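Asks: Below is one structure. I have some questions about it.
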Amino acid sequence: MKHLLSISDLSKEEILSILELAEKLKFERQKRIFKEYLRNKSLAMIFELPSTRTRISFEIAMLELGGHALYLSWNDLQLGRGEPIKDTARVMSRYVNAVMMRVRNHSTIEEFARFSSVPVINGLSNLEHPCQILADLLTIKEKKGRLDGIKIAWIGDGNNVCNSLILAAAKLGIRIDVACPEGYEPDSDIIKFAHSVGVFKLLRNPKEAVMNADIIYTDVWASMGQEAEREKRLKAFKDYQVNENLLRIARDAIVMHCLPAHRGEEITDTVIEGKNSVIFDQAENRLHAQKALLINLII
Ligand code: CP
Ligand code: NVA
C-alpha cells in the first residue's frame with residue numbers, strides 16, 4: 001500500500017506512467033468512453049479548508065471510474081469535536097478504499113497516514129500540493145511536447161505548490177528558477193535537496209528568472225491560513241507580479257497558475273486571459289491526472 005503525501009513519494013517512472021495513463025483517459029473521455037476501473041471502490045475526501053478544483057475533480061474522477069466519493073468537511077465529522085485523528089483513520093479505512101485529505105498542517109496528514117490501512121492522498125497541506133503537480137506536468141507535456149530540457153520560472157511565494165514543483169523538477173531533471181522576496185523562500189530542506197540535484201536556482205529578480213523560461217508559474221501571495229498576513233504580503237510581493245512586461249522578457253513561455261487567482265495581485269487579468277495562458281487546461285487536467293493516480297493507488 002502506498003500513500004501520496006509528497007510528490008517525492010512517487011518515483012520518476014511512476015510519475016511518467018501516471019502521466020501516460022492520464023493522457024489515455026483524457027483521450028477516451030473526449031470520445032465519451034468510460035471504463036469502470038474502480039467499480040465499487042470508494043474515496044473519502046476530508047476537507048479542513050475550502051476547495052473548488054480538488055473537490056470536484058476527485059469526485060467526478062471517482063464517478064467516471066465507476067466508484068464513489070464522499071465529501072466530508074472537517075467540522076461535520078467527529079474530528080471537529082476532537083475525535084483523535086488516529087481513531088478516525090483506523091475507522092475510516094475499514095469503510096473506504098482510499099482517503100484524500102486537505103489539511104492546514106502537514107503533520108495532520110502524516111499522522112492520519114500512519115494509522116490508515118488504505119492509501120492516503122494529500123489534496124493540499126501547508127507543505128505540499130502533489131496532485132496539482134501531476135496535473136501541471138501533464139499540462140507541460142501536452143503544451144510543450146516534452147518534459148526533458150524544460151525550464152520553469154516560479155515567481156512569487158515559495159509556498160506548498162512551489163515546494164512540490166521543485167521536488168518534481170528535481171526528480172525529472174527539469175530546471176526551476178524561483179524568484180521570491182527574502183523571507184518567502186520554499187521549504188529549506190526542499191531547497192537543500194534541489195541544490196544537491198543541481199536543477200534549482202533561488203533568485204530575487206523575477207526578470208532574471210523568466211529569461212529563457214518555457215513556463216512561468218505563479219500562485220497567490222497569501223495562501224489559505226495566511227489571511228492575517230495579507231497586508232504585509234501585498235507589500236512584500238509588489239514587484240513579483242506576472243504581467244505583460246514580464247511575459248515579454250520570456251518570449252514564448254506559457255503561463256501557469258494553480259488557481260484560485262487574485263487578478264491584479266500575483267497576475268494580471270490580461271495575462272490570465274491572454275494567448276500564453278494555459279491555466280484553464282491546467283485546471284481541467286486535475287481530473288485526468290487524478291483518475292490515473294487513483295487507479296494506480298487503489299487497484
Ligand atoms: N488548485 C486547487 O487546488 O484548487 P482548489 O483550492 O479549488 O481545490
Ligand atoms: N498556495 C495556495 C494554493 C491553493 C490551491 C494555498 O495554499 O492556498
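Going by the C-alpha cells order, chains are called A, B, ..., each with residues numbered from 1, while ligands are numbered from 1 in the order shown.
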List the spatial neighbours of range 67-69 of chain A as a compact mmCIF listing (two decimals) with all heavy atoms, in the first residue's frame - criterion: any atom at most 12 Å away, only C-alpha atoms, same-chain residues fewer than 6 positions off excluded.
Replies:
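part_8.txt, freshly written:
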```txt
# COMPACT_ATOMS: atom_id res chain seq x y z
N PHE A 34 -15.93 5.48 -21.13
CA PHE A 34 -15.64 5.44 -19.70
C PHE A 34 -15.49 3.99 -19.26
O PHE A 34 -16.42 3.20 -19.45
CB PHE A 34 -16.79 6.10 -18.90
CG PHE A 34 -16.94 7.57 -19.21
CD1 PHE A 34 -17.91 8.01 -20.11
CD2 PHE A 34 -16.10 8.50 -18.63
CE1 PHE A 34 -18.03 9.36 -20.41
CE2 PHE A 34 -16.22 9.85 -18.94
CZ PHE A 34 -17.19 10.27 -19.82
N LYS A 35 -14.32 3.65 -18.72
CA LYS A 35 -14.12 2.26 -18.26
C LYS A 35 -14.14 2.26 -16.74
O LYS A 35 -13.51 3.11 -16.11
CB LYS A 35 -12.79 1.73 -18.79
CG LYS A 35 -12.80 1.60 -20.30
CD LYS A 35 -11.53 0.95 -20.82
CE LYS A 35 -11.52 0.99 -22.35
NZ LYS A 35 -10.16 1.16 -22.87
N GLU A 36 -14.84 1.28 -16.18
CA GLU A 36 -15.07 1.28 -14.73
C GLU A 36 -13.93 0.59 -13.97
O GLU A 36 -14.11 -0.46 -13.36
CB GLU A 36 -16.43 0.66 -14.41
CG GLU A 36 -17.56 1.44 -15.06
CD GLU A 36 -18.91 1.17 -14.44
OE1 GLU A 36 -19.15 0.03 -14.00
OE2 GLU A 36 -19.72 2.12 -14.40
N TYR A 37 -12.76 1.21 -14.01
CA TYR A 37 -11.58 0.65 -13.34
C TYR A 37 -11.80 0.55 -11.83
O TYR A 37 -11.20 -0.27 -11.17
CB TYR A 37 -10.36 1.55 -13.56
CG TYR A 37 -9.84 1.62 -14.97
CD1 TYR A 37 -10.26 2.62 -15.84
CD2 TYR A 37 -8.90 0.69 -15.41
CE1 TYR A 37 -9.75 2.70 -17.13
CE2 TYR A 37 -8.38 0.77 -16.69
CZ TYR A 37 -8.81 1.77 -17.55
OH TYR A 37 -8.30 1.84 -18.81
N LEU A 38 -12.63 1.44 -11.28
CA LEU A 38 -12.79 1.49 -9.81
C LEU A 38 -14.23 1.18 -9.38
O LEU A 38 -14.76 1.77 -8.44
CB LEU A 38 -12.34 2.85 -9.28
CG LEU A 38 -10.86 3.18 -9.51
CD1 LEU A 38 -10.51 4.55 -8.91
CD2 LEU A 38 -9.93 2.12 -8.92
N ARG A 39 -14.84 0.24 -10.08
CA ARG A 39 -16.21 -0.17 -9.76
C ARG A 39 -16.27 -0.65 -8.30
O ARG A 39 -15.43 -1.44 -7.86
CB ARG A 39 -16.59 -1.30 -10.71
CG ARG A 39 -18.05 -1.64 -10.71
CD ARG A 39 -18.28 -2.67 -11.82
NE ARG A 39 -19.48 -3.45 -11.54
CZ ARG A 39 -20.71 -2.99 -11.74
NH1 ARG A 39 -20.89 -1.79 -12.21
NH2 ARG A 39 -21.75 -3.75 -11.46
N ASN A 40 -17.28 -0.14 -7.61
CA ASN A 40 -17.49 -0.50 -6.19
C ASN A 40 -16.37 -0.05 -5.25
O ASN A 40 -16.29 -0.51 -4.12
CB ASN A 40 -17.71 -2.01 -6.00
CG ASN A 40 -19.04 -2.44 -6.57
OD1 ASN A 40 -19.99 -1.64 -6.56
ND2 ASN A 40 -19.12 -3.65 -7.07
N LYS A 41 -15.50 0.83 -5.72
CA LYS A 41 -14.46 1.37 -4.84
C LYS A 41 -14.90 2.75 -4.35
O LYS A 41 -15.64 3.46 -5.05
CB LYS A 41 -13.13 1.51 -5.58
CG LYS A 41 -12.63 0.24 -6.23
CD LYS A 41 -12.05 -0.72 -5.21
CE LYS A 41 -11.42 -1.90 -5.94
NZ LYS A 41 -11.04 -2.96 -5.06
N SER A 42 -14.42 3.12 -3.17
CA SER A 42 -14.85 4.42 -2.64
C SER A 42 -13.68 5.23 -2.12
O SER A 42 -12.65 4.70 -1.67
CB SER A 42 -15.88 4.21 -1.53
OG SER A 42 -15.35 3.30 -0.61
N LEU A 43 -13.85 6.55 -2.20
CA LEU A 43 -12.82 7.50 -1.77
C LEU A 43 -13.47 8.46 -0.77
O LEU A 43 -14.47 9.11 -1.08
CB LEU A 43 -12.32 8.31 -2.98
CG LEU A 43 -11.37 9.48 -2.65
CD1 LEU A 43 -9.98 8.95 -2.27
CD2 LEU A 43 -11.25 10.43 -3.85
N ALA A 44 -12.91 8.54 0.44
CA ALA A 44 -13.35 9.56 1.40
C ALA A 44 -12.51 10.81 1.17
O ALA A 44 -11.30 10.72 1.00
CB ALA A 44 -13.15 9.06 2.83
N MET A 45 -13.17 11.96 1.15
CA MET A 45 -12.44 13.22 0.91
C MET A 45 -12.69 14.14 2.11
O MET A 45 -13.80 14.63 2.31
CB MET A 45 -12.95 13.91 -0.36
CG MET A 45 -13.01 12.99 -1.58
SD MET A 45 -13.37 13.90 -3.10
CE MET A 45 -14.98 14.58 -2.75
N ILE A 46 -11.64 14.33 2.91
CA ILE A 46 -11.78 15.14 4.13
C ILE A 46 -11.21 16.53 3.88
O ILE A 46 -10.05 16.67 3.49
CB ILE A 46 -11.00 14.49 5.30
CG1 ILE A 46 -11.47 13.06 5.53
CG2 ILE A 46 -11.14 15.33 6.57
CD1 ILE A 46 -10.66 12.32 6.59
N ARG A 55 -11.90 19.25 -4.92
CA ARG A 55 -13.11 18.54 -4.55
C ARG A 55 -13.83 18.00 -5.78
O ARG A 55 -14.16 16.83 -5.87
CB ARG A 55 -14.06 19.45 -3.77
CG ARG A 55 -15.36 18.73 -3.51
CD ARG A 55 -16.44 19.58 -2.92
NE ARG A 55 -17.66 18.77 -2.84
CZ ARG A 55 -18.77 19.17 -2.28
NH1 ARG A 55 -18.83 20.36 -1.72
NH2 ARG A 55 -19.83 18.39 -2.25
N ILE A 56 -14.07 18.89 -6.75
CA ILE A 56 -14.89 18.49 -7.90
C ILE A 56 -14.16 17.47 -8.76
O ILE A 56 -14.73 16.47 -9.19
CB ILE A 56 -15.32 19.72 -8.73
CG1 ILE A 56 -16.14 20.67 -7.85
CG2 ILE A 56 -16.12 19.29 -9.95
CD1 ILE A 56 -16.46 22.01 -8.49
N SER A 57 -12.86 17.70 -9.00
CA SER A 57 -12.14 16.78 -9.90
C SER A 57 -12.02 15.39 -9.29
O SER A 57 -12.17 14.39 -10.01
CB SER A 57 -10.77 17.35 -10.28
OG SER A 57 -10.02 17.68 -9.13
N PHE A 58 -11.80 15.30 -7.99
CA PHE A 58 -11.74 13.96 -7.37
C PHE A 58 -13.12 13.29 -7.38
O PHE A 58 -13.23 12.09 -7.62
CB PHE A 58 -11.22 14.04 -5.92
CG PHE A 58 -9.73 13.84 -5.83
CD1 PHE A 58 -8.88 14.89 -5.55
CD2 PHE A 58 -9.18 12.58 -6.00
CE1 PHE A 58 -7.51 14.71 -5.46
CE2 PHE A 58 -7.81 12.38 -5.91
CZ PHE A 58 -6.97 13.45 -5.63
N GLU A 59 -14.15 14.08 -7.12
CA GLU A 59 -15.50 13.49 -7.05
C GLU A 59 -15.92 12.97 -8.44
O GLU A 59 -16.42 11.85 -8.57
CB GLU A 59 -16.49 14.54 -6.52
CG GLU A 59 -17.81 13.93 -6.14
CD GLU A 59 -18.65 14.81 -5.22
OE1 GLU A 59 -18.08 15.62 -4.46
OE2 GLU A 59 -19.88 14.68 -5.27
N ILE A 60 -15.67 13.78 -9.46
CA ILE A 60 -16.05 13.36 -10.82
C ILE A 60 -15.13 12.22 -11.30
O ILE A 60 -15.59 11.32 -12.00
CB ILE A 60 -16.00 14.57 -11.80
CG1 ILE A 60 -16.97 15.67 -11.33
CG2 ILE A 60 -16.32 14.14 -13.22
CD1 ILE A 60 -18.42 15.26 -11.21
N ALA A 61 -13.88 12.25 -10.89
CA ALA A 61 -12.96 11.16 -11.27
C ALA A 61 -13.53 9.83 -10.76
O ALA A 61 -13.62 8.85 -11.51
CB ALA A 61 -11.57 11.41 -10.68
N TYR A 95 -13.92 1.30 5.99
CA TYR A 95 -15.08 1.52 5.11
C TYR A 95 -14.69 1.78 3.66
O TYR A 95 -15.39 1.37 2.75
CB TYR A 95 -15.88 2.75 5.57
CG TYR A 95 -16.47 2.69 6.96
CD1 TYR A 95 -16.37 3.80 7.80
CD2 TYR A 95 -17.13 1.56 7.42
CE1 TYR A 95 -16.92 3.79 9.07
CE2 TYR A 95 -17.68 1.53 8.69
CZ TYR A 95 -17.58 2.65 9.52
OH TYR A 95 -18.12 2.64 10.76
N VAL A 96 -13.63 2.56 3.46
CA VAL A 96 -13.34 3.07 2.10
C VAL A 96 -12.03 2.50 1.58
O VAL A 96 -11.26 1.90 2.33
CB VAL A 96 -13.28 4.63 2.09
CG1 VAL A 96 -14.60 5.23 2.55
CG2 VAL A 96 -12.12 5.15 2.95
N ASN A 97 -11.80 2.69 0.28
CA ASN A 97 -10.59 2.14 -0.35
C ASN A 97 -9.43 3.12 -0.43
O ASN A 97 -8.30 2.73 -0.72
CB ASN A 97 -10.92 1.63 -1.76
CG ASN A 97 -12.02 0.59 -1.72
OD1 ASN A 97 -13.18 0.88 -1.97
ND2 ASN A 97 -11.66 -0.62 -1.34
N ALA A 98 -9.72 4.40 -0.21
CA ALA A 98 -8.65 5.43 -0.17
C ALA A 98 -9.21 6.68 0.49
O ALA A 98 -10.44 6.86 0.55
CB ALA A 98 -8.16 5.75 -1.58
N VAL A 99 -8.32 7.50 0.98
CA VAL A 99 -8.72 8.76 1.63
C VAL A 99 -7.92 9.89 1.01
O VAL A 99 -6.70 9.78 0.84
CB VAL A 99 -8.43 8.72 3.16
CG1 VAL A 99 -8.78 10.06 3.82
CG2 VAL A 99 -9.20 7.58 3.82
N MET A 100 -8.61 10.97 0.65
CA MET A 100 -7.93 12.19 0.19
C MET A 100 -8.20 13.26 1.24
O MET A 100 -9.33 13.38 1.71
CB MET A 100 -8.48 12.61 -1.18
CG MET A 100 -7.72 13.74 -1.82
SD MET A 100 -8.25 15.33 -1.27
CE MET A 100 -9.83 15.43 -2.07
N LYS A 291 -7.46 10.77 -11.99
CA LYS A 291 -8.02 9.46 -12.34
C LYS A 291 -6.88 8.44 -12.43
O LYS A 291 -6.96 7.34 -11.88
CB LYS A 291 -8.70 9.53 -13.72
CG LYS A 291 -10.12 9.97 -13.68
CD LYS A 291 -10.67 9.84 -15.10
CE LYS A 291 -12.09 10.32 -15.17
NZ LYS A 291 -12.56 10.39 -16.56
N LEU A 294 -5.56 7.64 -8.96
CA LEU A 294 -6.47 6.78 -8.18
C LEU A 294 -6.37 5.34 -8.64
O LEU A 294 -6.32 4.41 -7.83
CB LEU A 294 -7.92 7.29 -8.32
CG LEU A 294 -8.23 8.61 -7.57
CD1 LEU A 294 -9.54 9.23 -8.08
CD2 LEU A 294 -8.30 8.37 -6.06
N ILE A 295 -6.32 5.14 -9.95
CA ILE A 295 -6.20 3.78 -10.48
C ILE A 295 -4.89 3.15 -9.97
O ILE A 295 -4.87 2.00 -9.53
CB ILE A 295 -6.26 3.78 -12.03
CG1 ILE A 295 -7.66 4.19 -12.49
CG2 ILE A 295 -5.86 2.43 -12.60
CD1 ILE A 295 -7.79 4.47 -13.98
N ILE A 298 -5.27 2.60 -5.95
CA ILE A 298 -6.36 1.76 -5.40
C ILE A 298 -6.32 0.34 -5.94
O ILE A 298 -6.56 -0.61 -5.20
CB ILE A 298 -7.74 2.44 -5.62
CG1 ILE A 298 -7.81 3.76 -4.83
CG2 ILE A 298 -8.87 1.50 -5.21
CD1 ILE A 298 -9.09 4.54 -4.98
N ILE A 299 -6.07 0.16 -7.21
CA ILE A 299 -6.15 -1.21 -7.77
C ILE A 299 -4.97 -2.05 -7.28
O ILE A 299 -3.84 -1.62 -7.29
CB ILE A 299 -6.18 -1.18 -9.32
CG1 ILE A 299 -7.52 -0.58 -9.76
CG2 ILE A 299 -6.02 -2.58 -9.90
CD1 ILE A 299 -7.71 -0.49 -11.24
```
Asks: List as a PyMOL selection string the protein and nucleic acid residues lying within 10 Å of ligand 1, with only C-alpha atoms and all ligand atoms counted.
Replies: chain A and resi 47+49-58+102+123-124+129-133+135+161+219+223-224+257-261+282-283+286
Asks: What residues in range 101-290 of chain A get the DSSP label helix (DSSP H, G or I)? Please answer as a VMD selection string.
Replies: chain A and resid 106 to 115 130 to 144 160 to 172 188 to 197 206 to 210 227 to 236 244 to 250 269 to 273 279 to 290
Asks: Please identify all polymer residues within 12 Å of range 181-193 of chain A, counting only C-alpha atoms, omitting same-chain residues fewer than 5 positions from it, and present them as JSON, numbers by chain.
Replies: {"A": [6, 7, 8, 126, 127, 128, 154, 155, 156, 157, 158, 159, 160, 161, 162, 163, 164, 165, 166, 167, 168, 169, 170, 171, 176, 198, 199, 200, 201, 202, 203, 204, 205, 206, 221, 222, 223, 232, 233, 234, 235, 236, 237, 238, 239, 240, 241]}
Asks: As number ranges by chain, please: the residues near Glu208 in chain A (cut-off 10 Å, only C-alpha atoms, same-chain neighbours under 4 positions excluded).
Replies: A: 153, 177-179, 203-204, 212-213, 246, 249-250
Asks: For each of A:Ala89, A:Val103, A:Val220, A:Ile121, take the minimum atom-to-atom distance to ligand 2, counting only C-alpha atoms and all ligand atoms, then give the residue where this is smallest.
Replies: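 Among A:Ala89, A:Val103, A:Val220, A:Ile121, it is A:Val220 that comes nearest to ligand 2.
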Asks: Grab the CA of Thr108 in chain A to CA of Asn285 in chain A distance for me, in Å with one decimal place.
Replies: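 Atom-to-atom, CA of Thr108 in chain A and CA of Asn285 in chain A are spaced 26.9 Å apart.
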Asks: Between A:Ser125, A:Pro84, A:Ile254, A:Gly66, which residue has the minimum interatomic distance to ligand 2, considering only C-alpha atoms and all ligand atoms?
Replies: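 Ranked by minimum distance to ligand 2, first place goes to A:Ser125.
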Asks: Between A:Asp214, A:Glu48, A:Glu83, A:Glu142, which one has atoms that come closest to ligand 2, using only C-alpha atoms and all ligand atoms?
Replies: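 For ligand 2, the nearest of the given residues is A:Glu48.
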Asks: Nearest to ligand 2 among A:Arg104, A:Lys24, A:Leu65, A:Ser11, with distances taken over only C-alpha atoms and all ligand atoms: which residue is it?
Replies: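 Of the candidates, the smallest distance to ligand 2 is held by A:Arg104.
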Asks: May I have the residues within 7 Å of Asn243 in chain A as a list in words, using only C-alpha atoms and disregarding those fewer than 5 positions away in the same chain?
Replies: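 Near Asn243 in chain A, the qualifying residues are Ile267, Thr268 and Val271 of chain A.
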Asks: What is the distance, in Å and to one decimal place, between CA of Ile15 in chain A and CA of Met256 in chain A?
Replies: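 Going from CA of Ile15 in chain A over to CA of Met256 in chain A covers 19.6 Å.
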Asks: Would you pick out the contacts of Ala22 in chain A at 10 Å or less, using only C-alpha atoms, so that residues sharing its chain but fewer than 2 positions from it are not included, and give the list as a list in words?
Replies: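 Result of the neighbour search: Leu16, Ser17, Ile18, Leu19, Glu20, Lys24, Leu25, Lys26, Phe27, Glu28, Leu134, Ala135, Leu138, Asn285, Arg286, Leu287, His288, Ala289, Gln290, Lys291, Ala292 and Leu293 of chain A.
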Asks: Using DSSP on the backbone coordinates, identify the residues of range 66-128 of chain A assigned to strand (DSSP E or B); present them as a ChimeraX atom specification.
Replies: /A:68-73,98-102,120-122
Asks: Keeping all heavy atoms, export the residues of the selection given above as a compact mmCIF listing (two decimals), in the first residue's frame.
Replies:
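The resulting part.txt:
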```txt
# COMPACT_ATOMS: atom_id res chain seq x y z
N HIS A 68 -17.20 5.68 -6.08
CA HIS A 68 -17.98 6.67 -5.33
C HIS A 68 -17.05 7.50 -4.46
O HIS A 68 -16.08 6.99 -3.91
CB HIS A 68 -18.99 5.92 -4.45
CG HIS A 68 -19.87 6.84 -3.66
ND1 HIS A 68 -20.90 7.55 -4.24
CD2 HIS A 68 -19.88 7.15 -2.35
CE1 HIS A 68 -21.48 8.28 -3.31
NE2 HIS A 68 -20.89 8.06 -2.15
N ALA A 69 -17.36 8.81 -4.36
CA ALA A 69 -16.57 9.69 -3.49
C ALA A 69 -17.48 10.31 -2.44
O ALA A 69 -18.63 10.65 -2.72
CB ALA A 69 -15.90 10.78 -4.31
N LEU A 70 -16.96 10.44 -1.21
CA LEU A 70 -17.74 11.09 -0.14
C LEU A 70 -17.06 12.39 0.23
O LEU A 70 -15.88 12.38 0.59
CB LEU A 70 -17.75 10.23 1.13
CG LEU A 70 -18.34 8.85 1.10
CD1 LEU A 70 -17.24 7.83 0.90
CD2 LEU A 70 -19.02 8.60 2.43
N TYR A 71 -17.80 13.48 0.20
CA TYR A 71 -17.27 14.77 0.63
C TYR A 71 -17.52 14.91 2.14
O TYR A 71 -18.66 14.87 2.60
CB TYR A 71 -17.95 15.92 -0.12
CG TYR A 71 -17.56 17.26 0.45
CD1 TYR A 71 -16.31 17.80 0.20
CD2 TYR A 71 -18.44 17.98 1.26
CE1 TYR A 71 -15.93 19.02 0.74
CE2 TYR A 71 -18.07 19.20 1.81
CZ TYR A 71 -16.82 19.71 1.53
OH TYR A 71 -16.45 20.92 2.08
N LEU A 72 -16.45 15.07 2.90
CA LEU A 72 -16.56 15.13 4.36
C LEU A 72 -15.86 16.37 4.86
O LEU A 72 -14.63 16.47 4.77
CB LEU A 72 -15.90 13.87 4.97
CG LEU A 72 -16.45 12.54 4.46
CD1 LEU A 72 -15.50 11.41 4.79
CD2 LEU A 72 -17.83 12.27 5.05
N SER A 73 -16.64 17.32 5.33
CA SER A 73 -15.97 18.52 5.84
C SER A 73 -15.59 18.27 7.30
O SER A 73 -16.30 17.59 8.05
CB SER A 73 -16.83 19.76 5.65
OG SER A 73 -17.57 20.01 6.79
N ALA A 98 -9.72 4.40 -0.21
CA ALA A 98 -8.65 5.43 -0.17
C ALA A 98 -9.21 6.68 0.49
O ALA A 98 -10.44 6.86 0.55
CB ALA A 98 -8.16 5.75 -1.58
N VAL A 99 -8.32 7.50 0.98
CA VAL A 99 -8.72 8.76 1.63
C VAL A 99 -7.92 9.89 1.01
O VAL A 99 -6.70 9.78 0.84
CB VAL A 99 -8.43 8.72 3.16
CG1 VAL A 99 -8.78 10.06 3.82
CG2 VAL A 99 -9.20 7.58 3.82
N MET A 100 -8.61 10.97 0.65
CA MET A 100 -7.93 12.19 0.19
C MET A 100 -8.20 13.26 1.24
O MET A 100 -9.33 13.38 1.71
CB MET A 100 -8.48 12.61 -1.18
CG MET A 100 -7.72 13.74 -1.82
SD MET A 100 -8.25 15.33 -1.27
CE MET A 100 -9.83 15.43 -2.07
N MET A 101 -7.15 13.99 1.63
CA MET A 101 -7.32 14.99 2.70
C MET A 101 -6.71 16.32 2.32
O MET A 101 -5.61 16.36 1.76
CB MET A 101 -6.57 14.56 3.96
CG MET A 101 -7.07 13.33 4.60
SD MET A 101 -6.03 12.98 6.06
CE MET A 101 -6.84 13.99 7.30
N ARG A 102 -7.41 17.39 2.65
CA ARG A 102 -6.83 18.74 2.57
C ARG A 102 -6.73 19.26 3.99
O ARG A 102 -7.76 19.40 4.68
CB ARG A 102 -7.72 19.64 1.71
CG ARG A 102 -7.31 21.09 1.79
CD ARG A 102 -7.93 21.93 0.70
NE ARG A 102 -7.30 21.66 -0.58
CZ ARG A 102 -7.44 22.41 -1.66
NH1 ARG A 102 -8.20 23.49 -1.62
NH2 ARG A 102 -6.84 22.10 -2.79
N VAL A 120 -3.52 7.09 1.43
CA VAL A 120 -3.92 8.46 1.78
C VAL A 120 -3.27 9.41 0.77
O VAL A 120 -2.07 9.30 0.49
CB VAL A 120 -3.47 8.81 3.22
CG1 VAL A 120 -3.81 10.26 3.56
CG2 VAL A 120 -4.13 7.86 4.22
N ILE A 121 -4.08 10.32 0.25
CA ILE A 121 -3.62 11.25 -0.79
C ILE A 121 -3.68 12.67 -0.24
O ILE A 121 -4.71 13.09 0.30
CB ILE A 121 -4.54 11.16 -2.04
CG1 ILE A 121 -4.53 9.74 -2.61
CG2 ILE A 121 -4.13 12.19 -3.10
CD1 ILE A 121 -5.60 9.49 -3.66
N ASN A 122 -2.59 13.40 -0.42
CA ASN A 122 -2.55 14.80 0.02
C ASN A 122 -3.24 15.69 -1.03
O ASN A 122 -2.74 15.88 -2.13
CB ASN A 122 -1.08 15.22 0.19
CG ASN A 122 -0.94 16.64 0.69
OD1 ASN A 122 -1.92 17.38 0.82
ND2 ASN A 122 0.29 17.04 0.97
```
Asks: Can you pull out every residue within 10 Å of Phe115 in chain A, counting only C-alpha atoms, but drop anything in the same chain fewer than 5 positions away, and send it as JSON, numbers by chain?
Replies: {"A": [85, 86, 87, 88, 89, 90, 91, 93, 110]}
Asks: So which one's closest to ligand 2, A:Lys143, A:Asp9, A:Asn105, A:Val278? Using only C-alpha atoms and all ligand atoms, please.
Replies: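 Nearest to ligand 2: A:Asn105.
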